[in-house]
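First the structure, in the form of structure tokens, and then the observations on it.
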Amino acid sequence: MSYADAVYTHGKVFTVDENFTIATALAVRDGLVHAVGSDAEIETLIGPDTVVTDLGGKTILPGINDSHLHAIAYGLDTPPLSLDVSFPAVRSIADVRELVREAAAAAEDGEWIIGTGWDDGYLDECLAEAGRTPTRRDLDEVSPNNPVFLQDFSRHTSWVNSAALTLAGVDETTPLPPGSLMPVGEDGLLTGIVMEGAQALVQRVLPALTRERREEALRSAISILQSEGITSFTDPAIGPGGEALAGGAMGAEGLAVYADLARRGELGARVNLLLLPTGMSGSAEDFGQNLADIEVPESVDPRMFRVLGVKVFADGIPPSKTAWMHEEYVGGGCGSLCVGGDTDERQVYEVTEMVRIGHESGYQIGVHVTGDRAIDTVADAIIAAQNAHPREDARHYLIHGDFISESTLKRLADNGIGVNMNPTIKWTIADLEVGVVGTERAAYEWPYRSAVESGVHLMSSSDAPVTPPDWRQGISTMVLRESKASGAVSGPDQCIGLADAVRTYTINAAWQDFAEDWKGSLEVGKVADLCILDGDLETIDPHDIPAMQVVSTVLGGEVVFQRVAASVAS
């Protein structure tokens with residue numbers, strides 16, 4: 001008799017098989033799903049050494065796969081390694097000033113004050129006064145002797161003080177990288193807001209990260225991910241192009257940190273990486289040369305760690321009006337691509353060449369692209385590369401794809417190209433976007449139903465640290481399309497059902513990883529990666545899904561997280 005190592009009964013087991021079957025019990029043996037079925041069927045597999053868990057109506061899902069997040073950067077952005085200036089920790093510029101004042105008072109003169117997460121859509125002063133934005137003068141008074149660098153929630157815009165600009169040697173005459181912005185005020189002086197590639201002008205003088213600090217950040221991030229039921233993730237920006245991003249957290253040294261933990265068997269999650277040969281404003285020539293120079297580490301266990309592909313930055317993001325759009329933003333402008341080149345035509349050439357080089361080099365390609373005009377450009381580039389140099393099952397995909405049209409979704413589906421969307425970002429910025437692109441376009445942004453109906457391979461992710469890796473909020477948002485700030489429904493015609501939403505974090509994400517044959521669903525023979533939720537996901541009100549707690553996370557049959565029940569005082 002083949003007894004199970006572990007058995008779970010009296011629950012809701014979301015198998016996420018082809019029919020989205022929901023069973024009541026599951027058995028695990030040798031780190032794999034041994035059997036799925038009714039309580040009576042699975043109880044026959046209980047032996048003298050079997051660990052039996054009575055779920056009492058709790059839900060088991062396949063281990064969650066956050067298919068686009070920056071783990072080292074997320075760890076660094078988590079207190080105490082960084083000031084938390086996100087909503088609701090701060091609700092005003094005054095709140096930010098007070099946090100910076102306290103940090104500067106505790107620091108030595110000249111020591112950097114670094115924080116992340118601010119969003120002017122949630123700052124009282126910006127909401128009360130049209131056109132009000134944070135400025136360096138807001139920070140100068142409370143931190144005159146300490147340079148300050150505060151990245152916003154998207155990591156595409158930073159807010160710095162005068163000391164930081166002076167230390168970086170940046171002023172109104174400093175040349176800007178293509179696609180970058182550094183606004184000036186009515187007095188003709190820099191406001192202290194730096195956007196897109198211009199951030200690197202300041203980031204280059206931030207304190208260098210040590211190998212130990214990167215490893216500390218990665219371990220911290222993975223511990224948090226385990227507590228969220230996440231057993232797999234893709235870190236999509238590791239390599240030389242990441243040296244100017246997140247203070248160097250995504251640089252080449254990060255690749256070595258991942259590889260070392262993998263070799264020692266200490267990752268604690270299944271990790272896939274995209275290499276980033278060049279950052280924003282890069283050229284195709286640099287992209288190709290840097291890619292050729294990257295030494296890809298060999299992995300002990302490819303089911304735990306793999307370098308799968310390369311990332312390309314095509315444009316910026318809509319809230320900063322740096323996404324490349326067909327129609328103008330509210331207030332004017334269409335954004336642009338964020339690669340090298342003096343004209344639109346030259347920039348299109350550079351992006352197309354990067355895609356071609358990555359494809360011909362045998363890598364999967366993930367392209368950061370948000371504006372509809374940039375999306376069409378990238379779709380053309382990927383399809384052209386595939387047609388010119390056919391490869392079986394390349395699985396290229398678009399990252400974000402905010403304003404992807406229905407016709408382009410169909411083109412992607414027809415050509416085996418996926419799209420990785422971000423429901424938690426939708427939840428966060430839905431109200432803000434109305435003032436950026438207008439009501440109609442804001443409602444359409446991240447068109448989940450259109451994507452499902454097109455048949456495209458559709459994944460969901462948090463893009464942490466842009467938003468926390470809260471996939472339960474993501475599922476609620478896909479089902480309801482309600483916004484964080486007001487609760488208003490943004491694009492009700494783009495809502496999808498629970499089953500399709502769950503697939504985007506499980507079996508569809510496994511497709512992105514070339515791994516749907518061995519993970520992503522709870523079918524016999526697949527790895528026993530489990531996420532156990534305290535409650536019945538099938539019947540709960542979608543509004544209450546974000547409050548559901550992860551009670552246990554299992555990786556390959558081994559418990560890597562167990563929530564300790566709160567004690568009750570007598």
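Ligands are numbered from 1 in the order shown, residues from 1 within each chain, and chains are lettered A, B, ... in the order they appear in the structure tokens.
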Can you list, as a PDB file with N, CA, C and O atoms, in the first residue's frame, every protein, DNA or RNA residue that comes within 10 Å of Ser299 of chain A when you count only C-alpha atoms, leaving out same-chain residues fewer than 5 positions away?
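Generated output (out18.pdb):
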ATOM      1  N   ALA A 259      21.995  32.944  -7.382  1.00  0.00           N
ATOM      2  CA  ALA A 259      22.642  31.684  -7.732  1.00  0.00           C
ATOM      3  C   ALA A 259      23.264  31.025  -6.509  1.00  0.00           C
ATOM      4  O   ALA A 259      23.176  29.795  -6.335  1.00  0.00           O
ATOM      5  N   ASP A 260      23.875  31.814  -5.638  1.00  0.00           N
ATOM      6  CA  ASP A 260      24.510  31.246  -4.445  1.00  0.00           C
ATOM      7  C   ASP A 260      23.477  30.621  -3.516  1.00  0.00           C
ATOM      8  O   ASP A 260      23.682  29.515  -2.987  1.00  0.00           O
ATOM      9  N   ALA A 262      20.604  29.481  -4.366  1.00  0.00           N
ATOM     10  CA  ALA A 262      20.083  28.291  -5.035  1.00  0.00           C
ATOM     11  C   ALA A 262      21.029  27.108  -4.869  1.00  0.00           C
ATOM     12  O   ALA A 262      20.600  25.978  -4.581  1.00  0.00           O
ATOM     13  N   ARG A 263      22.318  27.342  -5.041  1.00  0.00           N
ATOM     14  CA  ARG A 263      23.298  26.252  -4.904  1.00  0.00           C
ATOM     15  C   ARG A 263      23.313  25.685  -3.482  1.00  0.00           C
ATOM     16  O   ARG A 263      23.556  24.489  -3.284  1.00  0.00           O
ATOM     17  N   MET A 304      14.092  24.908  -9.160  1.00  0.00           N
ATOM     18  CA  MET A 304      14.178  25.913  -8.110  1.00  0.00           C
ATOM     19  C   MET A 304      14.735  27.240  -8.614  1.00  0.00           C
ATOM     20  O   MET A 304      14.394  28.295  -8.082  1.00  0.00           O
ATOM     21  N   PHE A 305      15.584  27.206  -9.628  1.00  0.00           N
ATOM     22  CA  PHE A 305      16.201  28.454 -10.088  1.00  0.00           C
ATOM     23  C   PHE A 305      16.608  28.328 -11.547  1.00  0.00           C
ATOM     24  O   PHE A 305      17.326  27.395 -11.922  1.00  0.00           O
ATOM     25  N   ARG A 306      16.126  29.280 -12.364  1.00  0.00           N
ATOM     26  CA  ARG A 306      16.488  29.304 -13.781  1.00  0.00           C
ATOM     27  C   ARG A 306      16.547  30.736 -14.297  1.00  0.00           C
ATOM     28  O   ARG A 306      15.759  31.584 -13.888  1.00  0.00           O
ATOM     29  N   VAL A 307      17.486  30.971 -15.176  1.00  0.00           N
ATOM     30  CA  VAL A 307      17.486  32.206 -15.968  1.00  0.00           C
ATOM     31  C   VAL A 307      16.759  31.876 -17.259  1.00  0.00           C
ATOM     32  O   VAL A 307      17.250  31.104 -18.079  1.00  0.00           O
TER      33      VAL A 307
END
Q. Quick one: residues within 7 Å of segment 26-30 of chain A, only C-alpha atoms counted, chain neighbours fewer than 6 positions away excluded, as a list in words?
A.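 Selected residues are Ala4, Asp5, Ala6, Val7, Tyr8, Thr9, Val36, Gly37, Ile42, Ala528 and Gly557 of chain A.
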With all heavy atoms kept, could you save the residues just selected as a compact mmCIF listing (two decimals), in the first residue's frame?
# COMPACT_ATOMS: atom_id res chain seq x y z
N ALA A 4 0.33 7.88 2.04
CA ALA A 4 0.76 9.25 1.79
C ALA A 4 1.62 9.77 2.94
O ALA A 4 1.51 9.30 4.08
CB ALA A 4 -0.47 10.14 1.63
N ASP A 5 2.49 10.72 2.62
CA ASP A 5 3.24 11.41 3.67
C ASP A 5 2.36 12.40 4.41
O ASP A 5 2.52 12.62 5.61
CB ASP A 5 4.43 12.16 3.06
CG ASP A 5 5.42 11.24 2.38
OD1 ASP A 5 5.62 10.11 2.88
OD2 ASP A 5 5.98 11.65 1.34
N ALA A 6 1.44 13.02 3.67
CA ALA A 6 0.53 14.00 4.26
C ALA A 6 -0.82 13.92 3.56
O ALA A 6 -0.89 13.67 2.34
CB ALA A 6 1.09 15.42 4.13
N VAL A 7 -1.87 14.12 4.33
CA VAL A 7 -3.23 14.09 3.80
C VAL A 7 -3.99 15.30 4.34
O VAL A 7 -3.88 15.63 5.52
CB VAL A 7 -3.95 12.78 4.18
CG1 VAL A 7 -5.46 12.94 4.12
CG2 VAL A 7 -3.51 11.64 3.27
N TYR A 8 -4.75 15.93 3.46
CA TYR A 8 -5.60 17.07 3.83
C TYR A 8 -7.04 16.69 3.49
O TYR A 8 -7.34 16.29 2.35
CB TYR A 8 -5.20 18.31 3.05
CG TYR A 8 -3.77 18.74 3.27
CD1 TYR A 8 -2.72 18.18 2.53
CD2 TYR A 8 -3.45 19.70 4.23
CE1 TYR A 8 -1.40 18.57 2.73
CE2 TYR A 8 -2.13 20.10 4.43
CZ TYR A 8 -1.12 19.53 3.68
OH TYR A 8 0.18 19.91 3.89
N THR A 9 -7.95 16.80 4.46
CA THR A 9 -9.33 16.40 4.25
C THR A 9 -10.31 17.51 4.66
O THR A 9 -9.93 18.47 5.33
CB THR A 9 -9.66 15.13 5.06
OG1 THR A 9 -9.48 15.42 6.46
CG2 THR A 9 -8.76 13.97 4.66
N VAL A 36 -5.99 13.15 -5.50
CA VAL A 36 -6.96 14.20 -5.23
C VAL A 36 -8.34 13.57 -5.37
O VAL A 36 -8.59 12.79 -6.30
CB VAL A 36 -6.84 15.38 -6.21
CG1 VAL A 36 -7.83 16.48 -5.85
CG2 VAL A 36 -5.43 15.94 -6.22
N GLY A 37 -9.25 13.87 -4.44
CA GLY A 37 -10.58 13.29 -4.55
C GLY A 37 -11.45 13.60 -3.36
O GLY A 37 -11.32 14.65 -2.73
N ILE A 42 -9.44 9.62 -0.21
CA ILE A 42 -8.10 10.00 0.24
C ILE A 42 -7.79 9.40 1.61
O ILE A 42 -6.63 9.08 1.90
CB ILE A 42 -7.98 11.53 0.28
CG1 ILE A 42 -8.21 12.12 -1.12
CG2 ILE A 42 -6.61 11.96 0.80
CD1 ILE A 42 -7.30 11.56 -2.20
N ALA A 528 3.96 19.26 -5.05
CA ALA A 528 3.02 19.61 -3.98
C ALA A 528 3.36 20.98 -3.42
O ALA A 528 3.87 21.12 -2.31
CB ALA A 528 3.05 18.55 -2.89
N GLY A 557 6.03 19.70 -0.84
CA GLY A 557 5.64 18.83 0.27
C GLY A 557 6.13 19.27 1.63
O GLY A 557 5.71 18.72 2.65
Q.
Excluding segment 381-392 of chain A and its own-chain neighbours fewer than 2 positions away, which residues fall within 8 Å of it when counting only C-alpha atoms? Please give them as JSON, numbers by chain.
A. {"A": [351, 352, 355, 356, 359, 360, 377, 378, 379, 394, 396, 415]}
Q. How far is it from atom CA of Ala501 of chain A to atom CA of Glu228 of chain A, in Å with one decimal?
A.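 Between atom CA of Ala501 of chain A and atom CA of Glu228 of chain A the gap works out to 16.8 Å.
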Q) Do you know which residues are at most 12 Å from Leu274 of chain A counting only C-alpha atoms, after dropping those on the same chain fewer than 5 positions away, and could you put them as a ChimeraX atom specification? A) /A:67-70,233-242,250-252,254-255,291,294,296,305-312,358,363-368,396-397,399,512-513
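Within segment 413-465 of chain A, DSSP applied to the backbone places the following residues in strand (DSSP E): Gly418, Val419, Asn420, Met421, Leu458, Met459 and Ser460 of chain A.
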For the structure I just gave you, how does DSSP split segment 53-121 of chain A - specifically, which residues are helix (DSSP H, G or I)? Reply as a compact mmCIF listing (two decimals) with all heavy atoms, in the first residue's frame.
# COMPACT_ATOMS: atom_id res chain seq x y z
N ALA A 71 12.33 41.00 -6.15
CA ALA A 71 12.42 40.54 -4.76
C ALA A 71 13.48 41.28 -3.96
O ALA A 71 13.24 41.66 -2.81
CB ALA A 71 12.68 39.04 -4.74
N ILE A 72 14.67 41.47 -4.53
CA ILE A 72 15.72 42.16 -3.76
C ILE A 72 15.30 43.60 -3.50
O ILE A 72 15.44 44.11 -2.37
CB ILE A 72 17.07 42.10 -4.50
CG1 ILE A 72 17.52 40.64 -4.67
CG2 ILE A 72 18.12 42.89 -3.73
CD1 ILE A 72 18.83 40.48 -5.43
N ALA A 73 14.77 44.27 -4.52
CA ALA A 73 14.29 45.64 -4.32
C ALA A 73 13.16 45.69 -3.31
O ALA A 73 13.09 46.60 -2.48
CB ALA A 73 13.83 46.22 -5.65
N TYR A 74 12.28 44.69 -3.33
CA TYR A 74 11.17 44.65 -2.36
C TYR A 74 11.72 44.49 -0.94
O TYR A 74 11.27 45.18 -0.01
CB TYR A 74 10.24 43.49 -2.71
CG TYR A 74 9.09 43.32 -1.75
CD1 TYR A 74 8.23 44.38 -1.47
CD2 TYR A 74 8.85 42.10 -1.13
CE1 TYR A 74 7.16 44.22 -0.60
CE2 TYR A 74 7.79 41.93 -0.25
CZ TYR A 74 6.95 42.99 0.01
OH TYR A 74 5.89 42.84 0.89
N GLY A 75 12.71 43.63 -0.76
CA GLY A 75 13.31 43.48 0.55
C GLY A 75 13.95 44.76 1.04
O GLY A 75 13.81 45.14 2.21
N LEU A 76 14.63 45.45 0.14
CA LEU A 76 15.28 46.72 0.51
C LEU A 76 14.25 47.80 0.82
O LEU A 76 14.53 48.72 1.60
CB LEU A 76 16.19 47.19 -0.62
CG LEU A 76 17.48 46.41 -0.83
CD1 LEU A 76 18.15 46.83 -2.13
CD2 LEU A 76 18.44 46.62 0.34
N ILE A 93 1.98 65.44 2.31
CA ILE A 93 3.37 65.87 2.23
C ILE A 93 3.88 66.18 3.64
O ILE A 93 5.04 65.90 3.97
CB ILE A 93 3.50 67.09 1.30
CG1 ILE A 93 3.22 66.68 -0.15
CG2 ILE A 93 4.88 67.74 1.43
CD1 ILE A 93 3.19 67.84 -1.14
N ALA A 94 3.02 66.71 4.48
CA ALA A 94 3.41 66.99 5.86
C ALA A 94 3.84 65.72 6.58
O ALA A 94 4.81 65.73 7.36
CB ALA A 94 2.26 67.67 6.60
N ASP A 95 3.14 64.62 6.33
CA ASP A 95 3.52 63.34 6.94
C ASP A 95 4.90 62.91 6.47
O ASP A 95 5.72 62.42 7.25
CB ASP A 95 2.50 62.26 6.58
CG ASP A 95 1.17 62.42 7.30
OD1 ASP A 95 1.11 63.19 8.28
OD2 ASP A 95 0.20 61.76 6.88
N VAL A 96 5.15 63.06 5.16
CA VAL A 96 6.46 62.69 4.61
C VAL A 96 7.54 63.56 5.24
O VAL A 96 8.61 63.07 5.63
CB VAL A 96 6.47 62.83 3.08
CG1 VAL A 96 7.86 62.52 2.52
CG2 VAL A 96 5.43 61.90 2.45
N ARG A 97 7.28 64.84 5.32
CA ARG A 97 8.26 65.76 5.92
C ARG A 97 8.61 65.32 7.35
O ARG A 97 9.78 65.35 7.75
CB ARG A 97 7.69 67.18 5.94
CG ARG A 97 7.78 67.91 4.61
CD ARG A 97 6.93 69.19 4.62
NE ARG A 97 7.18 70.03 5.77
CZ ARG A 97 8.11 70.97 5.85
NH1 ARG A 97 8.92 71.18 4.80
NH2 ARG A 97 8.24 71.71 6.92
N GLU A 98 7.62 64.91 8.11
CA GLU A 98 7.88 64.53 9.49
C GLU A 98 8.73 63.26 9.55
O GLU A 98 9.65 63.16 10.37
CB GLU A 98 6.55 64.32 10.23
CG GLU A 98 6.69 63.91 11.69
CD GLU A 98 7.46 64.93 12.53
OE1 GLU A 98 7.55 66.12 12.12
OE2 GLU A 98 7.97 64.54 13.60
N LEU A 99 8.44 62.28 8.70
CA LEU A 99 9.26 61.07 8.66
C LEU A 99 10.70 61.40 8.29
O LEU A 99 11.65 60.86 8.88
CB LEU A 99 8.68 60.07 7.67
CG LEU A 99 7.45 59.28 8.10
CD1 LEU A 99 6.98 58.37 6.96
CD2 LEU A 99 7.75 58.43 9.33
N VAL A 100 10.88 62.25 7.29
CA VAL A 100 12.22 62.63 6.86
C VAL A 100 12.93 63.41 7.97
O VAL A 100 14.12 63.21 8.23
CB VAL A 100 12.17 63.44 5.55
CG1 VAL A 100 13.54 64.02 5.21
CG2 VAL A 100 11.67 62.54 4.40
N ARG A 101 12.20 64.30 8.63
CA ARG A 101 12.79 65.08 9.73
C ARG A 101 13.32 64.15 10.82
O ARG A 101 14.44 64.31 11.32
CB ARG A 101 11.75 66.03 10.31
CG ARG A 101 12.33 66.96 11.39
CD ARG A 101 11.23 67.64 12.19
NE ARG A 101 10.46 66.68 12.97
CZ ARG A 101 10.90 66.11 14.10
NH1 ARG A 101 12.10 66.40 14.57
NH2 ARG A 101 10.14 65.25 14.74
N GLU A 102 12.51 63.15 11.19
CA GLU A 102 12.92 62.21 12.23
C GLU A 102 14.14 61.40 11.79
O GLU A 102 15.07 61.17 12.58
CB GLU A 102 11.76 61.27 12.57
CG GLU A 102 10.59 61.96 13.24
CD GLU A 102 9.40 61.03 13.43
OE1 GLU A 102 9.50 59.86 12.99
OE2 GLU A 102 8.38 61.47 14.01
N ALA A 103 14.15 60.98 10.53
CA ALA A 103 15.27 60.19 10.03
C ALA A 103 16.55 61.02 9.99
O ALA A 103 17.63 60.55 10.34
CB ALA A 103 14.95 59.64 8.64
N ALA A 104 16.42 62.27 9.54
CA ALA A 104 17.60 63.14 9.46
C ALA A 104 18.15 63.45 10.85
O ALA A 104 19.37 63.54 11.05
CB ALA A 104 17.24 64.43 8.73
N ALA A 105 17.26 63.60 11.83
CA ALA A 105 17.69 63.90 13.19
C ALA A 105 18.49 62.74 13.79
O ALA A 105 19.38 62.94 14.62
CB ALA A 105 16.49 64.21 14.07
N ALA A 106 18.17 61.52 13.35
CA ALA A 106 18.84 60.33 13.86
C ALA A 106 20.08 59.96 13.05
O ALA A 106 20.83 59.06 13.45
CB ALA A 106 17.86 59.15 13.88
N ASP A 120 1.30 60.81 -5.29
CA ASP A 120 0.66 62.12 -5.15
C ASP A 120 -0.85 62.05 -5.26
O ASP A 120 -1.56 62.99 -4.89
CB ASP A 120 1.24 63.15 -6.11
CG ASP A 120 1.17 62.73 -7.57
OD1 ASP A 120 0.53 61.71 -7.87
OD2 ASP A 120 1.78 63.42 -8.41
N GLY A 121 -1.38 60.92 -5.73
CA GLY A 121 -2.82 60.73 -5.75
C GLY A 121 -3.41 60.49 -4.37
O GLY A 121 -4.64 60.46 -4.21
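If you measure from each of A:Asp54, A:Asp66, A:Asp393, A:Glu482 to Gly520 of chain A using only C-alpha atoms, the closest one turns out to be A:Asp66.
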Q) If we count only C-alpha atoms, what is near Ile429 of chain A at a cut-off of 10 Å, once residues fewer than 3 positions away on the same chain are taken out, given as a list in words? A)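 Selected residues are Asp119, Gly121, Tyr122, Pro319, Thr424, Ile425, Lys426, Leu432, Glu433, Val434, Ala442, Ser483, Lys484 and Ala485 of chain A.
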Q | Nearest candidate to Ala163 of chain A (options A:Phe149, A:Phe14, A:Phe20, A:Tyr258; using only C-alpha atoms) | A | A:Phe149
Q) How many Å separate atom CA of Ala547 of chain A from atom CA of Trp471 of chain A? A)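 Computing it gives 11.2 Å between the two atoms.
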**Q.** Within 8 Å of Gly110 of chain A using only C-alpha atoms, minus same-chain residues under 6 positions, as a ChimeraX atom specification
**A.** /A:145-147
Q | Among the residues A:Asp301, A:Asp124, A:Asp152, A:Glu111, the one that comes closest to Pro207 of chain A [using only C-alpha atoms] | A |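 Using only C-alpha atoms, the shortest distance to Pro207 of chain A belongs to A:Glu111.
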Q: For each of A:Thr50, A:Thr59, A:Ser220, A:Thr15, take the minimum atom-to-atom distance to Val33 of chain A, counting only C-alpha atoms, then give the residue where this is smallest.
A: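 Comparing A:Thr50, A:Thr59, A:Ser220, A:Thr15 against Val33 of chain A, the winner is A:Thr15.
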Q) Interatomic distance between atom CA of Glu186 of chain A and atom CA of Ile317 of chain A? A)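 Going from atom CA of Glu186 of chain A over to atom CA of Ile317 of chain A covers 25.2 Å.
Candidate residues A:Ser223, A:Ser486, A:Thr174, A:Thr191 were compared for distance to Asp140 of chain A, and the nearest is A:Thr191, using only C-alpha atoms.
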Q) Using only C-alpha atoms, which residue out of A:Trp112, A:Phe561, A:Trp159, A:Tyr505 lies closest to Pro469 of chain A? A)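 Going through A:Trp112, A:Phe561, A:Trp159, A:Tyr505 one by one, the smallest distance to Pro469 of chain A is for A:Tyr505.
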Q | All residues 9 Å or closer to Leu201 of chain A, only C-alpha atoms, same chain fewer than 6 positions away omitted, as a list in words | A |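 Residues meeting the cut-off are Leu165, Ala168, Gly169, Val170, Leu176, Val194 and Ala244 of chain A.
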